[in-house]
Every structure is written in C-alpha cells, then in structure tokens.
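Comments concern the structure below.
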Amino acid sequence: MRAGIRHVVLTLGVIPMAVALAACGSGGGDPDGQSAPRIGLLLPDATTARWEAQDRPLLEKKIRQLCADCVVEHANAKNDVAIQQEQMDSMITKGVDAIVLVAVDARSLANEVRDAAQADIPVIAYDRLAEGPISGFVSFDGQEVGRLQGRALLRAMRDDSAGKRQIVMMNGDPSDPNAAQFKKGALSVLAGRVKIGKAYDTLQWRPETANMNMSGALSALGVANIHGVYAANDGLAAGSISALKANKVDPLPPVTGQDAELGAVQRIVGGEQYMTVYKPFGPEASAGATMAVTAAHGAALDRVAKDTVRPTGGKQVPAVMLTPVSVTVGNIKDTLVKDGVYTVGQICVPRLASACSKAGLT
Ligand code: GAL
C-alpha cells in the first residue's frame, strides 16, 4: 500500500518542470499571444460525489497554479449523453484551447472527440478512457481496483461457511469503460472461490438502482444466503446496504466500494461497509491539470506522461496511470486523513464517537 503511494509520487515527480517548460513555450494554443488560454472541463454527473466535490476544485486549483491566466470553463452533463454532446459542441464553437473530458458514455462521445481533433483542440480523457482521437489520458489501473475489491471481500468472508459462500455483484455502468475493468479485475480474484448468486450492471451508477437490485437479490436468494456484496463504488454500496438494512439482515455481510466518499468512510468506521478503494484525487487532478495546461499551450504531452494507451478509434497517446489504494477501518488515518482528504473531525461525527475511538481515529 505504502509502495503504491510512493509510486504515485515518483510518477508525478517529473511533471512540474516539464510543465514549466511548456508554459514558457511557444504558446501554440494561442497564436496571437493575446488571449488567456481557456480550458473546458466536462464532468459527467452529480450522482457520484467525487466529480464536483474532489476532482473539480482540485483540477481548477492546479490549473491556476500552473497557469495563472488560464480560464476554466466547467459544465456538468448530469448523466445525459445529449447534454454532454452539446457541451462538447459548445466548447468547440467557442474555440477553447484544451478540453478535459470525463465521458458519460465513451462511445457516444466519439464523434465530438473527432470534431475537437479536427478543430485542433486537444482532448484529455480524465479518469474514463474516451473513444476517438484523444491527446492524453489520466487514470488509475482499473483492473487493480477490481482486484483490491475482490481480495478484500475474500479476506472479510474468510470465517464464513467455507465453500458455500455466496455473493451478489453490483457492477457499474457498461457505457463507462472503467466499469468493465473493475468487473474483470474482481472476477479474476473471485471466480471459482465464491458462488456469484446474482450479478447486475447498474445504468448511470445509480444507488437507487442498486437498492432495488439488492432487494430483488434478497428475495431470490434469501436473507441468510448472501455472504458478501461486491459493490463497484460507494454509491452502489450505499444503495445495497440500505436494502440489506431494510430487510433486517443482521449482521450485515461485508460490502466493498470505491471512491472514498465521506459517507462510505463513515460507514466503514461504523461497521456497515467493509472497504472502499481510494484513488488519490490530488495526483490524478494534478496530472490532468498538467496535461490540460501543457496541451493548451500547444506542447507535446509525452514530456509530462510516462505511460501510453491506445483508445478505440484513436492512435496511441501519452497517459499517466496511477495506483489505487485499498482502505479498511485500520488504515483510514494513514491514507485519507494523512493525505488531507478528510479531517478526523469530518469523519467522526457525534454518533460515531465510540466507533472512532475504537478505530484509533482521534
Ligand atoms: C468511474 C470512476 C469511479 C466512479 C464511477 C462512478 O468511471 O472511475 O471512480 O466514480 O465512475 O461515477
């Protein structure tokens, strides 16, 4: 785990100087040297907290640090593909200098990515790989996210009725390429070791859909026969846990998650959720901002990214791939609190006071 964090720091260590060079460079995105560079930031939804609560403020801050006169134009597609297509069109019409895109649906946005490339506007795919001729990509190893979730679930179920352990899988939205990676990684660990009683894909990552699906799984399998829940992210974990509680499942089976949402961290402290996957927001936003500013100045991205990726319908491009971290009650302090994502005060609301002191969160 520690090594993972160190890896992230090392990976990004090369970036600041390269950007400083890029920022002093030709100013390729601004040929007249007059107007301030403009960067479009297109986020997918407000269903998952991270985009507006973590990624947006961190990206904006880092872009400002790297490029004091850069202007960020932000828009959120509210999970609607047509709205995001319009937002892309509008950024292209305005002639922004670079676009940071978290695609609602990778395939449906490919035409707009192509239009941007034709207009010489570099698109940086942020967190989710977009289809088409993007210029760069920053994300985490998605299969490793799934493996961390799968391993944690097996560990948590160890004392259960060996051999007869049955789980329910709450997977993400199939139009998000990450969802397939998470599922693949998780199955590589879980297949053959547990029985998968029910598995669901969750359109738009909606917690209320996971809630409905978990109620269905409970009636189909029986409340006593679910020994673990693979939830691909914290929203799906929340929806699943509320269905388990509504059906009086006690004790709750271990439930996985992802995104280190504050509510999930509190459920972990309170014993309702077993784990979450923390994908350090700071390094991801920092790499995304660095790529965006570099691209907006017309400089090459291979100077600021050491990995590569080949998107569907595009050629190989520079990428920064970061390492995810598994978080259970025992390492909240060494990860999320240490990195300044949350203070102990934010996590330890009065109702969690005794759970927090038991967890050493003081
Ligand atoms: C994924 C992302 C996750 C999670 C999910 C739901 O693409 O990697 O961190 O937020 O989308 O929006």
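Each chain of the structure tokens is named A, B, ... in the order shown, its residues numbered from 1; ligands are numbered from 1 in display order.
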
Surrounding residues as a list in words, ligand 1, max 7 Å, only C-alpha atoms and all ligand atoms: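 My answer, listing the contacting residues, is Thr48, Arg50, Asp127, Arg128, Asp176, Asn178, Ala179, Trp205, Asn233, Gln258 and Asp259 of chain A.
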
Contacts of Asn79 (chain A) at 8 Å or less, counting only C-alpha atoms, minus same-chain residues fewer than 4 places along, as a list in words?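 After dropping sequence-adjacent residues, the list is Pro44, Asp45, Ala46, Thr47, Val104 and Gln204 of chain A.
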
Residues within 12 Å of Pro57 (chain A), only C-alpha atoms, excluding chain neighbours under 3 positions, as a list in words: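 In the requested format, the answer is Leu41, Leu43, Arg50, Trp51, Glu52, Ala53, Gln54, Glu60, Lys61, Lys62, Ile63, Arg64, Val72, His74, Phe281, Gly282, Ala285, Ser286 and Ala289 of chain A.
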
With only C-alpha atoms as the counted atoms, please give the residues lying no more than 12 Å from region 188-199 of chain A, apart from itself and same-chain residues fewer than 4 positions off, as a PyMOL selection string. chain A and resi 143-155+157-158+160-172+181-184+210+213-222+225-232

Secondary structure check, strand (DSSP E) residues of region 13-226 of chain A, as an MDAnalysis selection string: chainID A and resid 38:43 71:76 98:101 123:126 136:140 166:171 195:201

Apply DSSP to the structure's backbone, then extract all residues of region 138-339 of chain A labelled helix (DSSP H, G or I) and return them as JSON, numbers by chain. {"A": [142, 143, 144, 145, 146, 147, 148, 149, 150, 151, 152, 153, 154, 155, 156, 177, 178, 179, 180, 181, 182, 183, 184, 185, 186, 187, 188, 189, 190, 203, 204, 205, 207, 208, 209, 210, 211, 212, 213, 214, 215, 216, 217, 218, 219, 220, 221, 223, 224, 225, 234, 235, 236, 237, 238, 239, 240, 241, 242, 243, 244, 245, 246, 262, 263, 264, 265, 266, 267, 268, 269, 281, 282, 283, 284, 285, 286, 287, 288, 289, 290, 291, 292, 293, 294, 295, 296, 301, 302, 303, 329, 330, 331, 332, 333, 334, 335, 336, 337]}

Do you know which residues are at most 9 Å from Leu244 (chain A) counting only C-alpha atoms, after dropping those on the same chain fewer than 3 positions away, and could you put them as number ranges by chain? A: 211, 214-215, 218, 223, 239-241, 247-250, 252-253

For the selection you just gave me, I'd like the residues written to a file as an mmCIF file, in the first residue's frame, keeping C-alpha atoms.
data_model
loop_
_atom_site.group_PDB
_atom_site.id
_atom_site.type_symbol
_atom_site.label_atom_id
_atom_site.label_comp_id
_atom_site.auth_asym_id
_atom_site.auth_seq_id
_atom_site.Cartn_x
_atom_site.Cartn_y
_atom_site.Cartn_z
ATOM 1 C CA ASN A 211 -31.012 -0.643 -3.811
ATOM 2 C CA MET A 214 -30.375 -5.797 -3.780
ATOM 3 C CA SER A 215 -33.998 -6.115 -2.669
ATOM 4 C CA LEU A 218 -32.610 -10.821 -1.186
ATOM 5 C CA VAL A 223 -31.678 -13.043 3.523
ATOM 6 C CA GLY A 239 -27.831 1.559 -2.106
ATOM 7 C CA SER A 240 -27.065 -2.089 -1.326
ATOM 8 C CA ILE A 241 -26.555 -1.506 2.396
ATOM 9 C CA ASN A 247 -34.646 -6.310 5.070
ATOM 10 C CA LYS A 248 -33.239 -6.630 8.610
ATOM 11 C CA VAL A 249 -30.117 -8.529 7.524
ATOM 12 C CA ASP A 250 -28.060 -8.766 10.708
ATOM 13 C CA LEU A 252 -24.528 -7.177 7.586
ATOM 14 C CA PRO A 253 -22.319 -9.058 5.123
#

For Asp334 (chain A), find every residue with an atom within 12 Å (counting only C-alpha atoms), except residues of its own chain fewer than 3 positions away, and show them as an MDAnalysis selection string. chainID A and resid 1:2 5 278 325:331 337:344 360:361

Please identify all polymer residues within 9 Å of Leu301 (chain A), counting only C-alpha atoms, omitting same-chain residues fewer than 6 positions from it, and present them as a list in words.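 Listing them by chain and then by number gives Ser135, Gly136, Met291, Thr294, Ala295, Val317, Pro318 and Ala319 of chain A.
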